[in-house]
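Working notes, structure below.
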Amino acid sequence: MTDKTVAAAEPRKHAGFLKNNLREYGMLLSLFAIMLFFQVVTEGTLLRPLNLTNLVLQNSYIVIMALGMLLVIVTGHIDLSVGSVAGFVGAVAAVLMVQYGVHFIIATLICLVLGGLIGAAQGYWVAYFKIPSFIVTLAGMLVFKGLALAILAGQSVGPFAPTFQKLSSGFIPELIPDAGTLYPTSLLIGAALAMALVMMNLRARARQQSHGMEADPFGFFVFKNALLFTAIVYFTYLIASHRGLPNVLVIIMALIGIYAFVTTRTTVGRQIYAVGGNAKAAKLSGIKTERLTFLTFVNMGVLAALAGLVFAARLNTATPKAGLGFELDVIAACFIGGASAYGGVGRVGGAVIGALIMGVMNNGMSILGIGIDYQQVIKGLVLLGAVCLDVYNQKR
């Protein structure tokens with residue numbers, strides 16, 4: 001094979017790889033394009049350090065719940081109750097801490113256990129009684145919305161203790177607090193995280209090649225990781241230019257790492273995808289499909305409870321309307337991020353990207369002064385487009 005033939009074949013190889021991995025990289029390119037668009041039309045407001053920090057805080061609970069919703073969707077189910085559960089748990093936390101004076105650590109643990117029990121109650125009906133998850137969680141949405149209203153007696157309850165508020169509004173302590181306008185500890189953490197991700201990608205590529213699996217073309221791999229490293233360091237630099245890394249961002253990064261590991265490197269993760277791909281075949285192969293479905297709903301309940309605590313801490317109060325519409329943004333984040341409505345397909349990174357797309361759109365449209373009515377229309381069209389793309393890929 002001549003040098004000219006090799007040179008001509010290389011672009012075709014890259015194009016074929018991108019075409020075969022359109023689901024994985026398409027949403028990442030979409031996120032970049034959306035951020036670039038709003039950065040231009042808002043005259044640079046989107047990526048200002050203060051607005052970027054607010055963007056993280058405003059969408060933290062959506063990202064947290066999207067991680068749990070991804071597993072539910074991958075198994076072929078849906079959970080419409082997450083917003084109501086988050087609001088209900090926030091109400092319980094407010095009653096425990098504000099009205100009864102329970103220490104915030106004890107109250108937090110009680111609320112997380114409560115979320116798990118709620119998920120278990122709903123998952124039991126779905127997994128073992130085979131009642132459609134749409135019906136079970138729709139009932140749960142109504143039940144917990146009513147219970148939140150009853151517990152709060154129709155009024156807002158707050159404020160919380162300052163230590164609890166730091167769950168959402170606090171920032172990590174700096175090793176060098178008097179460093180002027182830059183918080184170097186946060187910047188160093190971001191750079192270390194970026195380097196760790198690049199090293200993990202290198203090891204993953206080497207492992208794929210050793211097993212004869214398709215790997216990213218070398219040039220594309222280098223470009224992708226250089227872009228990833230630069231984006232993370234730049235993002236961290238902007239965050240570190242304001243007040244440093246928010247506590248909730250550290251929690252989110254830890255959760256993303258845990259769920260990415262579970263879904264890609266553990267037997268349980270592979271079994272969850274097998275259940276979503278073909279539940280009957282998975283059951284015949286010895287996988288306990290009912291137990292896995294049950295556990296995904298328990299997991300969803302715990303994460304919904306955590307999101308409810310984060311949201312309540314951010315507002316510094318629990319309100320009867322807390323959690324309203326959260327389930328729509330969470331479900332949309334998963335589908336926009338590449339999860340399949342048919343089950344069996346979806347990645348943690350995609351769910352996070354979908355949540356970021358929803359967050360950037362909400363933030364950018366708010367800066368531009370677009371009303372909530374048209375915001376809902378635009379988000380609905382984006383969701384419809386994502387599902388249509390999924391249907392197209394399934395048929396292809």
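Lettering and numbering for the structure tokens are positional, with chains as A, B, ... in the shown order, residues counted from 1 in each chain, and ligands counted from 1 in the shown order.
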
Excluding A:Val74 and residues on its chain fewer than 6 positions from it, collect all residues at most 7 Å away from it, counting only C-alpha atoms, and give them as JSON, numbers by chain. {"A": [273, 276, 343, 344, 345, 346]}

Would you write out those residues with C-alpha atoms, as a PDB file, in the first residue's frame?
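Wrote part09.pdb, looks like this:
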```
ATOM      1  CA  TYR A 273     -27.708  -3.182  30.402  1.00  0.00           C
ATOM      2  CA  GLY A 276     -32.697  -3.374  29.355  1.00  0.00           C
ATOM      3  CA  GLY A 343     -33.883   0.541  27.147  1.00  0.00           C
ATOM      4  CA  GLY A 344     -30.441  -1.060  27.130  1.00  0.00           C
ATOM      5  CA  VAL A 345     -28.606   2.026  25.839  1.00  0.00           C
ATOM      6  CA  GLY A 346     -27.219   5.010  27.713  1.00  0.00           C
TER       7      GLY A 346
END
```

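Residues surrounding A:Ala204 within 12 Å are Leu197, Val198, Met199, Gln209, Ser210, His211, Met213, Glu214, Ala215, Asp216, Phe221, Thr264 and Arg265 of chain A [only C-alpha atoms; sequence separation below 5 positions excluded].
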
Output N, CA and C atoms for every residue in the selection just made, as a tab-separated table (two decimals), in the first residue's frame.
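New file result_12.tsv:
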```
chain	number	residue	atom	x	y	z
A	197	LEU	N	-8.30	11.80	34.13
A	197	LEU	CA	-9.20	11.34	33.07
A	197	LEU	C	-8.44	10.97	31.81
A	198	VAL	N	-7.43	11.75	31.46
A	198	VAL	CA	-6.61	11.44	30.28
A	198	VAL	C	-5.89	10.10	30.48
A	199	MET	N	-5.32	9.89	31.66
A	199	MET	CA	-4.63	8.63	31.93
A	199	MET	C	-5.59	7.45	31.89
A	209	GLN	N	-7.31	-2.25	22.63
A	209	GLN	CA	-6.43	-2.76	21.58
A	209	GLN	C	-5.91	-4.16	21.92
A	210	SER	N	-5.63	-4.38	23.22
A	210	SER	CA	-5.11	-5.69	23.62
A	210	SER	C	-6.15	-6.80	23.45
A	211	HIS	N	-7.44	-6.43	23.48
A	211	HIS	CA	-8.51	-7.40	23.30
A	211	HIS	C	-9.05	-7.42	21.86
A	213	MET	N	-10.46	-5.01	20.22
A	213	MET	CA	-11.68	-4.23	20.06
A	213	MET	C	-11.39	-2.95	19.28
A	214	GLU	N	-12.45	-2.38	18.69
A	214	GLU	CA	-12.30	-1.13	17.96
A	214	GLU	C	-11.97	0.00	18.93
A	215	ALA	N	-10.92	0.74	18.63
A	215	ALA	CA	-10.50	1.87	19.46
A	215	ALA	C	-10.52	3.14	18.62
A	216	ASP	N	-10.51	4.27	19.31
A	216	ASP	CA	-10.46	5.55	18.60
A	216	ASP	C	-9.21	5.61	17.72
A	221	PHE	N	-8.03	10.35	18.92
A	221	PHE	CA	-7.87	10.13	20.35
A	221	PHE	C	-7.05	11.25	20.99
A	264	THR	N	-19.62	0.55	33.81
A	264	THR	CA	-18.69	0.08	32.77
A	264	THR	C	-17.75	-1.02	33.23
A	265	ARG	N	-17.50	-1.13	34.55
A	265	ARG	CA	-16.45	-2.03	35.01
A	265	ARG	C	-16.92	-3.09	35.99
```

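The shortest atom-to-atom distance to A:Gly146, with only C-alpha atoms taken into account, belongs to A:Ser81 out of A:Thr289, A:Ser168, A:Ser81, A:Ser241.
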
A:Ser366: which residues within 12 Å, counting only C-alpha atoms, same-chain residues fewer than 2 positions away excluded, as a compact mmCIF listing (two decimals) with N, CA, C and O atoms, in the first residue's frame?
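around32.txt, freshly written:
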```
# COMPACT_ATOMS: atom_id res chain seq x y z
N PHE A 38 -24.76 30.68 22.96
CA PHE A 38 -25.20 31.54 24.06
C PHE A 38 -24.07 32.44 24.56
O PHE A 38 -24.34 33.56 25.04
N THR A 42 -25.14 36.30 24.39
CA THR A 42 -25.21 36.96 25.70
C THR A 42 -24.02 37.89 25.93
O THR A 42 -23.83 38.39 27.04
N THR A 45 -21.62 36.73 28.77
CA THR A 45 -22.15 36.57 30.13
C THR A 45 -22.17 35.11 30.57
O THR A 45 -21.95 34.80 31.75
N LEU A 46 -22.41 34.20 29.64
CA LEU A 46 -22.59 32.79 30.00
C LEU A 46 -21.39 32.24 30.75
O LEU A 46 -21.56 31.55 31.77
N ASN A 51 -21.49 33.64 36.83
CA ASN A 51 -22.61 32.95 36.19
C ASN A 51 -22.34 31.46 36.06
O ASN A 51 -23.25 30.64 36.20
N LEU A 55 -24.55 28.53 37.48
CA LEU A 55 -25.03 27.48 36.57
C LEU A 55 -24.84 26.11 37.20
O LEU A 55 -25.72 25.24 37.13
N GLY A 359 -29.27 22.69 31.32
CA GLY A 359 -28.89 23.80 32.20
C GLY A 359 -28.42 25.01 31.43
O GLY A 359 -28.81 26.15 31.76
N VAL A 360 -27.60 24.80 30.41
CA VAL A 360 -27.10 25.92 29.61
C VAL A 360 -28.24 26.60 28.86
O VAL A 360 -28.30 27.83 28.77
N MET A 361 -29.17 25.79 28.35
CA MET A 361 -30.31 26.38 27.65
C MET A 361 -31.17 27.20 28.60
O MET A 361 -31.57 28.32 28.27
N ASN A 362 -31.45 26.66 29.79
CA ASN A 362 -32.24 27.41 30.77
C ASN A 362 -31.56 28.71 31.15
O ASN A 362 -32.19 29.78 31.19
N ASN A 363 -30.26 28.62 31.44
CA ASN A 363 -29.51 29.80 31.86
C ASN A 363 -29.39 30.83 30.74
O ASN A 363 -29.61 32.03 30.96
N GLY A 364 -29.05 30.34 29.55
CA GLY A 364 -28.88 31.26 28.43
C GLY A 364 -30.17 31.96 28.04
O GLY A 364 -30.18 33.18 27.80
N LEU A 368 -31.17 36.03 28.23
CA LEU A 368 -31.70 36.75 27.08
C LEU A 368 -33.10 37.31 27.33
O LEU A 368 -33.63 38.04 26.50
N GLY A 369 -33.69 36.96 28.47
CA GLY A 369 -35.01 37.47 28.81
C GLY A 369 -36.15 36.73 28.14
O GLY A 369 -37.27 37.25 28.05
N ILE A 370 -35.90 35.51 27.67
CA ILE A 370 -36.96 34.71 27.05
C ILE A 370 -37.88 34.19 28.15
O ILE A 370 -37.43 33.66 29.16
N GLY A 371 -39.17 34.34 27.98
CA GLY A 371 -40.15 33.95 28.99
C GLY A 371 -40.18 32.46 29.21
O GLY A 371 -39.78 31.66 28.35
N ILE A 372 -40.67 32.06 30.39
CA ILE A 372 -40.73 30.64 30.74
C ILE A 372 -41.62 29.88 29.78
O ILE A 372 -41.41 28.68 29.54
N ASP A 373 -42.61 30.55 29.18
CA ASP A 373 -43.50 29.87 28.24
C ASP A 373 -42.74 29.38 27.01
O ASP A 373 -42.83 28.22 26.62
N TYR A 374 -41.96 30.28 26.41
CA TYR A 374 -41.20 29.89 25.23
C TYR A 374 -40.03 28.99 25.58
O TYR A 374 -39.59 28.18 24.75
N GLN A 375 -39.49 29.11 26.80
CA GLN A 375 -38.45 28.19 27.23
C GLN A 375 -38.95 26.76 27.22
O GLN A 375 -38.25 25.84 26.78
N GLN A 376 -40.17 26.55 27.71
CA GLN A 376 -40.75 25.21 27.72
C GLN A 376 -40.95 24.69 26.31
O GLN A 376 -40.72 23.50 26.03
```
